[in-house]
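See below for final15.cif, which holds mmCIF, C-alpha atoms.
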data_entry
#
loop_
_atom_site.label_atom_id
_atom_site.label_comp_id
_atom_site.auth_asym_id
_atom_site.auth_seq_id
_atom_site.Cartn_x
_atom_site.Cartn_y
_atom_site.Cartn_z
CA MET A 27 0.00 0.00 0.00
CA GLN A 28 1.15 3.52 -0.84
CA ILE A 29 1.50 6.46 1.53
CA LYS A 30 1.40 9.99 0.15
CA THR A 31 4.54 11.89 1.09
CA ASP A 32 6.68 14.81 -0.03
CA TYR A 33 8.93 14.46 -3.08
CA ASN A 34 12.22 14.72 -1.18
CA THR A 35 11.27 11.77 1.00
CA ALA A 36 9.94 9.69 -1.87
CA ILE A 37 12.88 10.19 -4.20
CA LYS A 38 15.24 8.59 -1.68
CA ARG A 39 13.67 5.31 -2.79
CA LYS A 40 15.50 5.63 -6.10
CA TYR A 41 18.68 4.01 -4.79
CA PRO A 42 20.81 2.22 -5.86
CA GLU A 43 21.45 4.59 -8.78
CA GLN A 44 24.07 4.01 -11.46
CA VAL A 45 26.50 6.84 -12.19
CA VAL A 46 28.37 7.97 -15.28
CA ILE A 47 31.35 10.30 -15.61
CA ALA A 48 30.98 12.82 -18.45
CA ILE A 49 34.24 14.33 -19.77
CA THR A 50 34.65 17.48 -21.83
CA LYS A 51 37.56 19.67 -22.98
CA ASP A 52 37.28 23.32 -22.04
CA LYS A 53 38.47 26.47 -23.88
CA SER A 54 41.88 26.34 -22.17
CA GLY A 55 42.45 22.74 -23.27
CA LYS A 56 41.77 21.25 -19.84
CA PHE A 57 39.78 18.01 -19.68
CA ASN A 58 36.98 18.25 -17.14
CA PRO A 59 35.11 15.26 -15.66
CA ILE A 60 31.74 15.44 -13.93
CA THR A 61 30.00 12.57 -12.16
CA ILE A 62 26.31 12.35 -13.00
CA GLY A 63 23.56 10.10 -11.70
CA TRP A 64 20.94 11.50 -14.07
CA ALA A 65 21.78 9.86 -17.38
CA MET A 66 20.02 7.52 -19.77
CA ILE A 67 20.21 5.94 -23.18
CA THR A 68 17.71 7.55 -25.53
CA SER A 69 17.97 5.94 -28.99
CA HIS A 70 18.96 2.63 -30.60
CA TYR A 71 19.45 3.91 -34.18
CA PRO A 72 21.42 6.08 -34.13
CA PRO A 73 22.77 5.24 -30.68
CA MET A 74 22.21 8.25 -28.43
CA MET A 75 22.57 9.07 -24.75
CA ALA A 76 21.23 11.89 -22.57
CA ILE A 77 22.68 13.52 -19.48
CA SER A 78 21.13 16.08 -17.18
CA VAL A 79 23.49 18.86 -16.07
CA GLY A 80 22.72 21.51 -13.40
CA LEU A 81 22.36 25.10 -14.62
CA GLN A 82 25.20 26.24 -12.33
CA ARG A 83 27.69 23.52 -13.33
CA TYR A 84 30.90 24.39 -15.16
CA SER A 85 30.36 21.40 -17.45
CA LEU A 86 27.29 23.09 -18.90
CA GLU A 87 29.26 25.89 -20.54
CA VAL A 88 32.04 23.50 -21.56
CA ILE A 89 29.65 21.14 -23.35
CA ARG A 90 28.07 24.10 -25.17
CA TYR A 91 31.56 25.24 -26.19
CA SER A 92 33.06 21.91 -27.24
CA LYS A 93 29.86 20.32 -28.60
CA GLU A 94 31.16 16.85 -27.72
CA PHE A 95 31.71 14.72 -24.62
CA VAL A 96 32.62 11.25 -23.43
CA ILE A 97 30.24 9.25 -21.26
CA SER A 98 32.16 6.78 -19.15
CA PHE A 99 30.65 4.02 -16.99
CA PRO A 100 33.01 3.94 -13.98
CA SER A 101 33.86 0.57 -12.47
CA SER A 102 33.10 -0.12 -8.83
CA ILE A 103 36.69 0.54 -7.75
CA MET A 104 36.48 4.15 -8.98
CA ASP A 105 34.41 5.44 -6.07
CA LYS A 106 36.92 8.00 -4.75
CA GLU A 107 37.41 9.54 -8.18
CA ALA A 108 33.66 9.59 -8.88
CA LEU A 109 33.02 11.34 -5.57
CA PHE A 110 35.78 13.92 -6.22
CA TYR A 111 34.66 14.65 -9.79
CA GLY A 112 31.05 14.93 -8.66
CA THR A 113 31.56 17.31 -5.73
CA LYS A 114 34.29 19.72 -6.96
CA SER A 115 33.95 22.32 -9.70
CA GLY A 116 36.22 22.44 -12.75
CA ARG A 117 35.74 26.19 -12.71
CA ASP A 118 38.15 26.37 -9.76
CA ILE A 119 40.49 23.43 -10.18
CA ASP A 120 41.93 20.89 -12.62
CA LYS A 121 40.10 17.81 -11.38
CA PHE A 122 42.27 15.32 -13.27
CA ALA A 123 45.46 16.97 -11.88
CA GLU A 124 44.18 16.89 -8.31
CA CYS A 125 42.68 13.42 -8.48
CA LYS A 126 44.66 11.37 -10.98
CA ILE A 127 43.19 8.57 -13.03
CA ASN A 128 44.34 6.46 -15.97
CA THR A 129 43.21 7.86 -19.32
CA GLU A 130 43.60 7.17 -23.03
CA PRO A 131 42.93 9.38 -26.05
CA ALA A 132 39.44 9.22 -27.53
CA HIS A 133 39.29 8.10 -31.17
CA LYS A 134 36.66 10.23 -32.91
CA ILE A 135 36.43 13.34 -30.74
CA ASP A 136 39.00 15.62 -29.07
CA CYS A 137 38.71 14.15 -25.59
CA ILE A 138 39.94 11.34 -23.36
CA ILE A 139 38.42 8.09 -22.13
CA LEU A 140 38.91 6.43 -18.73
CA SER A 141 41.11 3.32 -18.86
CA ASP A 142 39.66 1.60 -15.78
CA ALA A 143 36.02 2.23 -16.64
CA VAL A 144 33.66 -0.59 -17.59
CA ALA A 145 32.91 1.18 -20.91
CA ASN A 146 33.33 4.57 -22.63
CA PHE A 147 31.16 6.23 -25.28
CA GLU A 148 32.33 9.17 -27.39
CA CYS A 149 29.41 11.50 -28.16
CA LYS A 150 28.72 14.42 -30.48
CA LEU A 151 26.25 16.92 -29.02
CA GLU A 152 22.88 16.72 -30.81
CA SER A 153 20.46 18.89 -28.84
CA GLU A 154 19.60 20.38 -25.47
CA LEU A 155 16.39 20.90 -23.52
CA LYS A 156 15.87 22.99 -20.38
CA THR A 157 14.12 21.11 -17.59
CA GLY A 158 13.71 23.12 -14.40
CA ASP A 159 17.14 23.66 -12.83
CA HIS A 160 18.96 21.34 -15.29
CA ILE A 161 19.68 21.08 -19.01
CA ILE A 162 19.28 17.75 -20.80
CA PHE A 163 22.09 17.32 -23.32
CA THR A 164 21.69 14.57 -25.90
CA GLY A 165 24.63 13.10 -27.77
CA ARG A 166 25.08 10.70 -30.66
CA VAL A 167 27.55 7.92 -29.89
CA VAL A 168 30.32 7.92 -32.51
CA SER A 169 32.79 5.49 -30.91
CA SER A 170 32.52 2.84 -28.16
CA HIS A 171 35.09 1.14 -25.93
CA ILE A 172 35.00 -1.57 -23.28
CA ASN A 173 37.44 -2.68 -20.62
CA GLU A 174 39.50 -5.70 -21.56
CA ASP A 175 38.61 -7.06 -18.12
CA ASN A 176 35.11 -8.47 -18.45
CA SER A 177 34.73 -9.09 -14.74
CA LEU A 178 34.54 -5.42 -13.75
CA GLU A 179 31.21 -4.19 -12.36
CA ARG A 180 29.68 -0.72 -12.67
CA LEU A 181 29.74 1.77 -9.80
CA TYR A 182 26.46 2.67 -8.07
CA ILE A 183 25.41 5.17 -5.45
CA LEU A 184 23.90 2.82 -2.88
CA GLU A 185 22.19 5.36 -0.65
CA THR A 186 22.09 9.06 0.24
CA GLY A 187 25.36 10.67 1.29
CA TYR A 188 27.22 9.38 -1.78
CA LYS A 189 27.68 5.92 -0.30
CA MET A 190 29.07 4.00 -3.25
CA GLY A 191 29.67 0.40 -4.10
CA LYS A 192 28.79 -2.32 -6.51
CA PHE A 193 25.86 -4.46 -7.39
CA VAL A 194 25.68 -8.09 -6.36
CA LYS A 195 23.03 -9.69 -8.54
CA SER A 196 20.16 -11.52 -6.87
CA TYR A 197 18.04 -13.24 -9.51
CA ASN A 198 14.33 -13.85 -9.06
CA ASN A 199 13.19 -17.48 -9.27
CA GLN A 200 16.64 -18.98 -9.50
CA MET B 290 42.75 -0.76 -20.62
CA GLN B 291 40.05 -0.05 -23.17
CA ILE B 292 39.34 -1.97 -26.37
CA LYS B 293 37.48 -0.27 -29.21
CA THR B 294 34.34 -2.19 -30.14
CA ASP B 295 30.94 -1.70 -31.75
CA TYR B 296 28.18 0.08 -29.84
CA ASN B 297 25.92 -2.97 -29.49
CA THR B 298 28.68 -4.91 -27.76
CA ALA B 299 29.71 -2.02 -25.53
CA ILE B 300 26.22 -1.07 -24.36
CA LYS B 301 25.75 -4.53 -22.82
CA ARG B 302 28.06 -3.27 -20.08
CA LYS B 303 25.27 -1.01 -18.85
CA TYR B 304 23.67 -3.71 -16.69
CA PRO B 305 22.27 -3.84 -14.06
CA GLU B 306 19.77 -1.19 -15.18
CA GLN B 307 16.92 0.09 -13.04
CA VAL B 308 13.43 0.07 -14.58
CA VAL B 309 10.34 2.21 -14.14
CA ILE B 310 6.74 1.55 -15.15
CA ALA B 311 5.05 4.57 -16.76
CA ILE B 312 1.23 4.58 -16.67
CA THR B 313 -1.12 6.67 -18.80
CA LYS B 314 -4.87 6.77 -19.48
CA ASP B 315 -5.84 6.47 -23.13
CA LYS B 316 -8.75 7.99 -25.07
CA SER B 317 -11.02 5.04 -24.30
CA GLY B 318 -10.37 5.37 -20.55
CA LYS B 319 -8.03 2.37 -20.38
CA PHE B 320 -4.97 2.66 -18.15
CA ASN B 321 -1.85 1.56 -20.00
CA PRO B 322 1.48 0.64 -18.35
CA ILE B 323 4.84 0.50 -20.13
CA THR B 324 8.09 -0.72 -18.60
CA ILE B 325 11.02 1.55 -19.40
CA GLY B 326 14.73 1.24 -18.67
CA TRP B 327 15.56 4.64 -20.14
CA ALA B 328 14.42 7.07 -17.46
CA MET B 329 16.08 9.67 -15.27
CA ILE B 330 15.43 12.47 -12.85
CA THR B 331 16.10 15.83 -14.50
CA SER B 332 15.39 18.65 -12.02
CA HIS B 333 15.39 19.27 -8.26
CA TYR B 334 13.26 22.47 -8.25
CA PRO B 335 10.71 21.88 -9.55
CA PRO B 336 11.06 18.10 -9.31
CA MET B 337 11.04 16.66 -12.82
CA MET B 338 11.62 13.30 -14.47
CA ALA B 339 12.32 12.23 -18.05
CA ILE B 340 11.43 9.03 -19.88
CA SER B 341 12.45 7.91 -23.35
CA VAL B 342 9.67 6.27 -25.37
CA GLY B 343 10.12 4.51 -28.73
CA LEU B 344 8.51 6.18 -31.76
CA GLN B 345 6.41 3.08 -32.46
CA ARG B 346 5.10 2.63 -28.91
CA TYR B 347 1.40 3.05 -28.12
CA SER B 348 2.35 4.97 -24.95
CA LEU B 349 3.75 7.76 -27.12
CA GLU B 350 0.38 8.75 -28.54
CA VAL B 351 -1.32 8.23 -25.18
CA ILE B 352 1.09 10.56 -23.35
CA ARG B 353 0.57 13.21 -26.04
CA TYR B 354 -3.20 12.81 -25.63
CA SER B 355 -3.42 12.75 -21.83
CA LYS B 356 -0.49 15.09 -21.10
CA GLU B 357 0.13 13.36 -17.78
CA PHE B 358 1.58 10.07 -16.53
CA VAL B 359 2.65 8.18 -13.43
CA ILE B 360 6.24 6.98 -13.03
CA SER B 361 6.34 3.98 -10.72
CA PHE B 362 9.49 2.33 -9.34
CA PRO B 363 8.52 -1.37 -9.31
CA SER B 364 9.71 -3.50 -6.41
CA SER B 365 11.86 -6.55 -7.04
CA ILE B 366 8.92 -8.94 -6.72
CA MET B 367 7.16 -7.31 -9.71
CA ASP B 368 9.36 -8.91 -12.38
CA LYS B 369 6.61 -10.83 -14.20
CA GLU B 370 4.42 -7.76 -14.47
CA ALA B 371 7.33 -5.56 -15.59
CA LEU B 372 8.24 -8.07 -18.29
CA PHE B 373 4.63 -8.31 -19.51
CA TYR B 374 4.07 -4.55 -19.57
CA GLY B 375 7.39 -4.03 -21.35
CA THR B 376 6.93 -6.57 -24.12
CA LYS B 377 3.21 -6.33 -25.05
CA SER B 378 1.49 -3.41 -26.74
CA GLY B 379 -1.48 -1.57 -25.25
CA ARG B 380 -2.63 -0.96 -28.82
CA ASP B 381 -3.73 -4.60 -29.00
CA ILE B 382 -4.63 -5.55 -25.45
CA ASP B 383 -5.61 -4.26 -22.01
CA LYS B 384 -2.38 -4.99 -20.16
CA PHE B 385 -3.80 -4.48 -16.67
CA ALA B 386 -6.71 -6.85 -17.49
CA GLU B 387 -4.41 -9.56 -18.84
CA CYS B 388 -1.77 -9.21 -16.15
CA LYS B 389 -3.42 -8.03 -12.95
CA ILE B 390 -1.68 -5.91 -10.35
CA ASN B 391 -2.77 -3.98 -7.24
CA THR B 392 -3.51 -0.34 -7.96
CA GLU B 393 -4.80 2.78 -6.18
CA PRO B 394 -6.16 6.04 -7.58
CA ALA B 395 -3.63 8.80 -8.18
CA HIS B 396 -4.28 12.02 -6.22
CA LYS B 397 -3.50 14.92 -8.53
CA ILE B 398 -3.88 13.45 -12.04
CA ASP B 399 -6.43 11.17 -13.69
CA CYS B 400 -4.42 7.97 -13.42
CA ILE B 401 -3.55 5.10 -11.08
CA ILE B 402 -0.50 4.23 -8.99
CA LEU B 403 0.91 0.76 -8.28
CA SER B 404 0.30 -0.42 -4.70
CA ASP B 405 3.27 -2.80 -4.49
CA ALA B 406 5.81 -0.43 -6.03
CA VAL B 407 8.65 1.07 -4.02
CA ALA B 408 7.44 4.57 -4.96
CA ASN B 409 5.11 6.36 -7.39
CA PHE B 410 5.37 9.85 -8.88
CA GLU B 411 2.44 11.63 -10.57
CA CYS B 412 3.69 13.82 -13.42
CA LYS B 413 2.28 16.57 -15.64
CA LEU B 414 3.82 16.58 -19.12
CA GLU B 415 6.16 19.56 -19.56
CA SER B 416 7.98 19.05 -22.88
CA GLU B 417 9.20 16.55 -25.45
CA LEU B 418 12.36 16.18 -27.52
CA LYS B 419 12.97 13.83 -30.45
CA THR B 420 16.17 11.81 -30.09
CA GLY B 421 16.73 9.34 -32.92
CA ASP B 422 14.14 6.57 -32.70
CA HIS B 423 12.75 7.74 -29.33
CA ILE B 424 11.00 10.77 -27.82
CA ILE B 425 12.12 12.14 -24.47
CA PHE B 426 9.08 13.22 -22.46
CA THR B 427 9.70 15.37 -19.39
CA GLY B 428 7.19 15.65 -16.58
CA ARG B 429 6.85 17.78 -13.47
CA VAL B 430 6.17 15.72 -10.35
CA VAL B 431 2.95 16.93 -8.70
CA SER B 432 2.42 14.16 -6.14
CA SER B 433 4.65 11.48 -4.58
CA HIS B 434 3.93 8.20 -2.82
CA ILE B 435 6.02 5.52 -1.11
CA ASN B 436 5.31 1.96 -0.04
CA GLU B 437 4.50 1.60 3.64
CA ASP B 438 6.97 -1.30 3.62
CA ASN B 439 10.42 0.30 3.80
CA SER B 440 12.24 -2.97 3.23
CA LEU B 441 11.21 -3.35 -0.43
CA GLU B 442 13.99 -3.08 -3.03
CA ARG B 443 13.72 -1.74 -6.59
CA LEU B 444 13.60 -4.05 -9.59
CA TYR B 445 16.58 -4.12 -11.98
CA ILE B 446 17.30 -5.77 -15.30
CA LEU B 447 20.42 -7.73 -14.39
CA GLU B 448 21.54 -8.74 -17.88
CA THR B 449 20.38 -9.04 -21.48
CA GLY B 450 17.30 -11.16 -22.15
CA TYR B 451 15.23 -9.31 -19.51
CA LYS B 452 16.78 -11.28 -16.65
CA MET B 453 15.42 -9.41 -13.63
CA GLY B 454 16.11 -9.34 -9.97
CA LYS B 455 17.18 -7.14 -7.13
CA PHE B 456 20.28 -5.39 -5.94
CA VAL B 457 22.29 -6.68 -3.01
CA LYS B 458 24.46 -3.79 -1.84
CA SER B 459 28.21 -4.32 -1.63
CA TYR B 460 29.82 -1.26 -0.05
CA ASN B 461 33.35 -0.20 -0.87
CA ASN B 462 35.74 0.05 2.10
CA GLN B 463 33.41 -1.40 4.68
#

Target encoding structure tokens, full file:
Amino acid sequence: MQIKTDYNTAIKRKYPEQVVIAITKDKSGKFNPITIGWAMITSHYPPMMAISVGLQRYSLEVIRYSKEFVISFPSSIMDKEALFYGTKSGRDIDKFAECKINTEPAHKIDCIILSDAVANFECKLESELKTGDHIIFTGRVVSSHINEDNSLERLYILETGYKMGKFVKSYNNQ
Amino acid sequence: MQIKTDYNTAIKRKYPEQVVIAITKDKSGKFNPITIGWAMITSHYPPMMAISVGLQRYSLEVIRYSKEFVISFPSSIMDKEALFYGTKSGRDIDKFAECKINTEPAHKIDCIILSDAVANFECKLESELKTGDHIIFTGRVVSSHINEDNSLERLYILETGYKMGKFVKSYNNQ
């Protein structure tokens, strides 16, 4: 049975929530990562993804400038980096310099991909849509990469307070 | 280290993926549920959510007609219903009649909520954006509900082939 409640209480039931790290290159040539929980796939043909970026975030102006970005699915061991990239602003610091991570050049866009991620998707910006205090950016995937290690699991936010970890699968009826 | 691959291979690394059930009321007065993996929150103030609906789906025309919908977070025991609602079309059948589920009236929109879900969010349609072979619909949350049973977990698609189950949390560094 359902109980009516306020939105802020109800939305806590969303967890666990998967995260992505979106990476862009700013005007000065600095690569800037941002950790995002609000992301989804949005087309099969052509393959497209959507991310929702806060109006105040530095990444918003960088995506509008560069018109391309990488969406990386961090692996469960990348919790410290995901937390750092999600809570600091690239307007003030060089996130990759302050919190180092293994990277490789992207193939089709002028960006980098994350070596220890589960997968990386290079995207060309297609459109944007304002939704309240965020902007939805949609991108067409132009190149895809996976980790050579198949056993890696994605990183999830397990509960409020950025408690992160991985998913242990519990199948129904098995 | 990353290996370049085709998109269809790489995107399989997305799992586990959370699912939602979106519910709308069609012209004939029939409530129609659709299970969707491509959904995200997209604003804090006002609270908003986005869902991505295939161009061929019956729900697309129903959302455009009714201009409102419920987004329900199914609990892990609702796997059979989620599979049925995600693989049949409401154009041909009455999904709720053929695959029964406990429901309650929504409060602020002319729709129903799912009694055994983890949470339900009543949404007013705000905007839409075409992205490849899908339409992103965004909705403003006007009423929120949670299950009185706090111990319920959300339902996830664990791997390809609609294998569903729940999430067992594995915390890092604990």

Since chain B and chain A share a sequence, can you fit the second onto the first over all C-alpha atoms in order and output it as a short mmCIF file (atom, residue, chain, number, x, y, z; two decimals) with C-alpha atoms, in the frame of the given file?
data_model
loop_
_atom_site.label_atom_id
_atom_site.label_comp_id
_atom_site.auth_asym_id
_atom_site.auth_seq_id
_atom_site.Cartn_x
_atom_site.Cartn_y
_atom_site.Cartn_z
CA MET A 27 42.76 -0.74 -20.63
CA GLN A 28 40.04 -0.04 -23.19
CA ILE A 29 39.31 -1.96 -26.38
CA LYS A 30 37.47 -0.25 -29.21
CA THR A 31 34.34 -2.17 -30.13
CA ASP A 32 30.94 -1.70 -31.74
CA TYR A 33 28.17 0.08 -29.84
CA ASN A 34 25.91 -2.97 -29.49
CA THR A 35 28.67 -4.90 -27.75
CA ALA A 36 29.70 -2.01 -25.53
CA ILE A 37 26.22 -1.07 -24.36
CA LYS A 38 25.73 -4.52 -22.82
CA ARG A 39 28.05 -3.26 -20.08
CA LYS A 40 25.27 -1.00 -18.85
CA TYR A 41 23.69 -3.70 -16.69
CA PRO A 42 22.27 -3.84 -14.07
CA GLU A 43 19.77 -1.18 -15.19
CA GLN A 44 16.90 0.07 -13.05
CA VAL A 45 13.42 0.07 -14.59
CA VAL A 46 10.34 2.21 -14.13
CA ILE A 47 6.74 1.55 -15.15
CA ALA A 48 5.06 4.57 -16.76
CA ILE A 49 1.23 4.59 -16.67
CA THR A 50 -1.11 6.66 -18.81
CA LYS A 51 -4.87 6.75 -19.49
CA ASP A 52 -5.83 6.47 -23.13
CA LYS A 53 -8.76 8.01 -25.07
CA SER A 54 -11.02 5.04 -24.28
CA GLY A 55 -10.38 5.36 -20.55
CA LYS A 56 -8.04 2.37 -20.37
CA PHE A 57 -4.96 2.66 -18.16
CA ASN A 58 -1.84 1.56 -20.01
CA PRO A 59 1.48 0.64 -18.35
CA ILE A 60 4.84 0.50 -20.11
CA THR A 61 8.09 -0.72 -18.60
CA ILE A 62 11.02 1.54 -19.40
CA GLY A 63 14.72 1.24 -18.65
CA TRP A 64 15.56 4.64 -20.13
CA ALA A 65 14.43 7.07 -17.46
CA MET A 66 16.09 9.67 -15.28
CA ILE A 67 15.45 12.48 -12.86
CA THR A 68 16.11 15.83 -14.50
CA SER A 69 15.40 18.65 -12.01
CA HIS A 70 15.40 19.28 -8.25
CA TYR A 71 13.26 22.46 -8.25
CA PRO A 72 10.71 21.86 -9.56
CA PRO A 73 11.07 18.09 -9.31
CA MET A 74 11.04 16.66 -12.83
CA MET A 75 11.63 13.29 -14.46
CA ALA A 76 12.32 12.22 -18.05
CA ILE A 77 11.44 9.03 -19.88
CA SER A 78 12.46 7.92 -23.34
CA VAL A 79 9.68 6.27 -25.36
CA GLY A 80 10.12 4.51 -28.75
CA LEU A 81 8.53 6.19 -31.77
CA GLN A 82 6.42 3.08 -32.48
CA ARG A 83 5.11 2.62 -28.92
CA TYR A 84 1.42 3.04 -28.12
CA SER A 85 2.35 4.97 -24.98
CA LEU A 86 3.76 7.76 -27.13
CA GLU A 87 0.38 8.76 -28.54
CA VAL A 88 -1.32 8.23 -25.18
CA ILE A 89 1.09 10.55 -23.36
CA ARG A 90 0.59 13.21 -26.05
CA TYR A 91 -3.18 12.82 -25.63
CA SER A 92 -3.42 12.74 -21.84
CA LYS A 93 -0.50 15.10 -21.10
CA GLU A 94 0.13 13.34 -17.78
CA PHE A 95 1.59 10.06 -16.53
CA VAL A 96 2.66 8.19 -13.43
CA ILE A 97 6.23 6.98 -13.02
CA SER A 98 6.34 3.98 -10.73
CA PHE A 99 9.48 2.33 -9.34
CA PRO A 100 8.52 -1.38 -9.31
CA SER A 101 9.71 -3.50 -6.40
CA SER A 102 11.85 -6.55 -7.04
CA ILE A 103 8.90 -8.93 -6.73
CA MET A 104 7.17 -7.30 -9.72
CA ASP A 105 9.36 -8.91 -12.37
CA LYS A 106 6.61 -10.83 -14.20
CA GLU A 107 4.41 -7.75 -14.48
CA ALA A 108 7.33 -5.56 -15.59
CA LEU A 109 8.25 -8.07 -18.29
CA PHE A 110 4.62 -8.31 -19.52
CA TYR A 111 4.08 -4.54 -19.57
CA GLY A 112 7.39 -4.03 -21.34
CA THR A 113 6.95 -6.59 -24.12
CA LYS A 114 3.23 -6.32 -25.04
CA SER A 115 1.52 -3.40 -26.74
CA GLY A 116 -1.47 -1.58 -25.25
CA ARG A 117 -2.61 -0.96 -28.80
CA ASP A 118 -3.74 -4.60 -28.97
CA ILE A 119 -4.63 -5.55 -25.43
CA ASP A 120 -5.61 -4.25 -21.98
CA LYS A 121 -2.37 -4.98 -20.16
CA PHE A 122 -3.80 -4.48 -16.67
CA ALA A 123 -6.72 -6.86 -17.47
CA GLU A 124 -4.41 -9.56 -18.81
CA CYS A 125 -1.76 -9.20 -16.14
CA LYS A 126 -3.42 -8.02 -12.94
CA ILE A 127 -1.70 -5.90 -10.34
CA ASN A 128 -2.77 -3.98 -7.25
CA THR A 129 -3.52 -0.33 -7.97
CA GLU A 130 -4.80 2.77 -6.19
CA PRO A 131 -6.16 6.04 -7.58
CA ALA A 132 -3.64 8.81 -8.19
CA HIS A 133 -4.26 12.02 -6.23
CA LYS A 134 -3.50 14.93 -8.55
CA ILE A 135 -3.87 13.45 -12.03
CA ASP A 136 -6.44 11.15 -13.68
CA CYS A 137 -4.42 7.96 -13.41
CA ILE A 138 -3.55 5.10 -11.08
CA ILE A 139 -0.50 4.23 -9.00
CA LEU A 140 0.91 0.76 -8.28
CA SER A 141 0.30 -0.42 -4.70
CA ASP A 142 3.27 -2.80 -4.48
CA ALA A 143 5.80 -0.44 -6.03
CA VAL A 144 8.65 1.06 -4.01
CA ALA A 145 7.44 4.58 -4.95
CA ASN A 146 5.10 6.36 -7.39
CA PHE A 147 5.36 9.86 -8.88
CA GLU A 148 2.45 11.63 -10.56
CA CYS A 149 3.69 13.82 -13.42
CA LYS A 150 2.29 16.55 -15.65
CA LEU A 151 3.83 16.56 -19.13
CA GLU A 152 6.16 19.55 -19.58
CA SER A 153 7.97 19.05 -22.89
CA GLU A 154 9.20 16.55 -25.45
CA LEU A 155 12.35 16.18 -27.52
CA LYS A 156 12.97 13.82 -30.45
CA THR A 157 16.16 11.81 -30.10
CA GLY A 158 16.74 9.35 -32.93
CA ASP A 159 14.14 6.57 -32.70
CA HIS A 160 12.74 7.75 -29.33
CA ILE A 161 11.00 10.77 -27.83
CA ILE A 162 12.12 12.15 -24.47
CA PHE A 163 9.08 13.20 -22.45
CA THR A 164 9.70 15.36 -19.39
CA GLY A 165 7.20 15.65 -16.57
CA ARG A 166 6.85 17.77 -13.46
CA VAL A 167 6.17 15.72 -10.34
CA VAL A 168 2.96 16.93 -8.70
CA SER A 169 2.41 14.16 -6.12
CA SER A 170 4.66 11.48 -4.58
CA HIS A 171 3.93 8.19 -2.80
CA ILE A 172 6.02 5.51 -1.12
CA ASN A 173 5.31 1.97 -0.03
CA GLU A 174 4.51 1.59 3.64
CA ASP A 175 6.97 -1.31 3.62
CA ASN A 176 10.41 0.28 3.81
CA SER A 177 12.23 -2.99 3.22
CA LEU A 178 11.19 -3.35 -0.42
CA GLU A 179 13.96 -3.08 -3.03
CA ARG A 180 13.71 -1.74 -6.58
CA LEU A 181 13.59 -4.05 -9.60
CA TYR A 182 16.57 -4.14 -11.98
CA ILE A 183 17.29 -5.76 -15.30
CA LEU A 184 20.40 -7.73 -14.40
CA GLU A 185 21.54 -8.73 -17.87
CA THR A 186 20.38 -9.04 -21.49
CA GLY A 187 17.30 -11.15 -22.13
CA TYR A 188 15.24 -9.31 -19.50
CA LYS A 189 16.78 -11.26 -16.64
CA MET A 190 15.42 -9.41 -13.63
CA GLY A 191 16.12 -9.33 -9.95
CA LYS A 192 17.19 -7.12 -7.13
CA PHE A 193 20.26 -5.37 -5.94
CA VAL A 194 22.27 -6.66 -3.01
CA LYS A 195 24.45 -3.79 -1.85
CA SER A 196 28.19 -4.32 -1.62
CA TYR A 197 29.82 -1.27 -0.05
CA ASN A 198 33.36 -0.21 -0.87
CA ASN A 199 35.76 0.01 2.08
CA GLN A 200 33.39 -1.39 4.65
#

Can you work out which residues from chain A touch chain B at a cut-off of 7 Å (counting all atoms listed in the file) and hand them back as a ChimeraX atom specification? /A:27-33,36,39,64-72,78,141-142,144-145,157-160,170-174,184,190-198

Store the residues of this selection in a file with C-alpha atoms, as a tab-separated table (two decimals), keeping the file's coordinate frame.
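The file below, again_14.tsv, is the result:
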chain	number	residue	atom	x	y	z
A	27	MET	CA	0.00	0.00	0.00
A	28	GLN	CA	1.15	3.52	-0.84
A	29	ILE	CA	1.50	6.46	1.53
A	30	LYS	CA	1.40	9.99	0.15
A	31	THR	CA	4.54	11.89	1.09
A	32	ASP	CA	6.68	14.81	-0.03
A	33	TYR	CA	8.93	14.46	-3.08
A	36	ALA	CA	9.94	9.69	-1.87
A	39	ARG	CA	13.67	5.31	-2.79
A	64	TRP	CA	20.94	11.50	-14.07
A	65	ALA	CA	21.78	9.86	-17.38
A	66	MET	CA	20.02	7.52	-19.77
A	67	ILE	CA	20.21	5.94	-23.18
A	68	THR	CA	17.71	7.55	-25.53
A	69	SER	CA	17.97	5.94	-28.99
A	70	HIS	CA	18.96	2.63	-30.60
A	71	TYR	CA	19.45	3.91	-34.18
A	72	PRO	CA	21.42	6.08	-34.13
A	78	SER	CA	21.13	16.08	-17.18
A	141	SER	CA	41.11	3.32	-18.86
A	142	ASP	CA	39.66	1.60	-15.78
A	144	VAL	CA	33.66	-0.59	-17.59
A	145	ALA	CA	32.91	1.18	-20.91
A	157	THR	CA	14.12	21.11	-17.59
A	158	GLY	CA	13.71	23.12	-14.40
A	159	ASP	CA	17.14	23.66	-12.83
A	160	HIS	CA	18.96	21.34	-15.29
A	170	SER	CA	32.52	2.84	-28.16
A	171	HIS	CA	35.09	1.14	-25.93
A	172	ILE	CA	35.00	-1.57	-23.28
A	173	ASN	CA	37.44	-2.68	-20.62
A	174	GLU	CA	39.50	-5.70	-21.56
A	184	LEU	CA	23.90	2.82	-2.88
A	190	MET	CA	29.07	4.00	-3.25
A	191	GLY	CA	29.67	0.40	-4.10
A	192	LYS	CA	28.79	-2.32	-6.51
A	193	PHE	CA	25.86	-4.46	-7.39
A	194	VAL	CA	25.68	-8.09	-6.36
A	195	LYS	CA	23.03	-9.69	-8.54
A	196	SER	CA	20.16	-11.52	-6.87
A	197	TYR	CA	18.04	-13.24	-9.51
A	198	ASN	CA	14.33	-13.85	-9.06

Please report the interatomic distance between atom CA of B:Ser361 and atom CA of A:Val45 in Å with one decimal.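 It comes out at 20.4 Å.
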
Excluding B:Ile352 and its own-chain neighbours fewer than 6 positions away, which residues fall within 10 Å of it when counting only C-alpha atoms? Please give them as a ChimeraX atom specification. /B:311-315,342,358,413-414,426
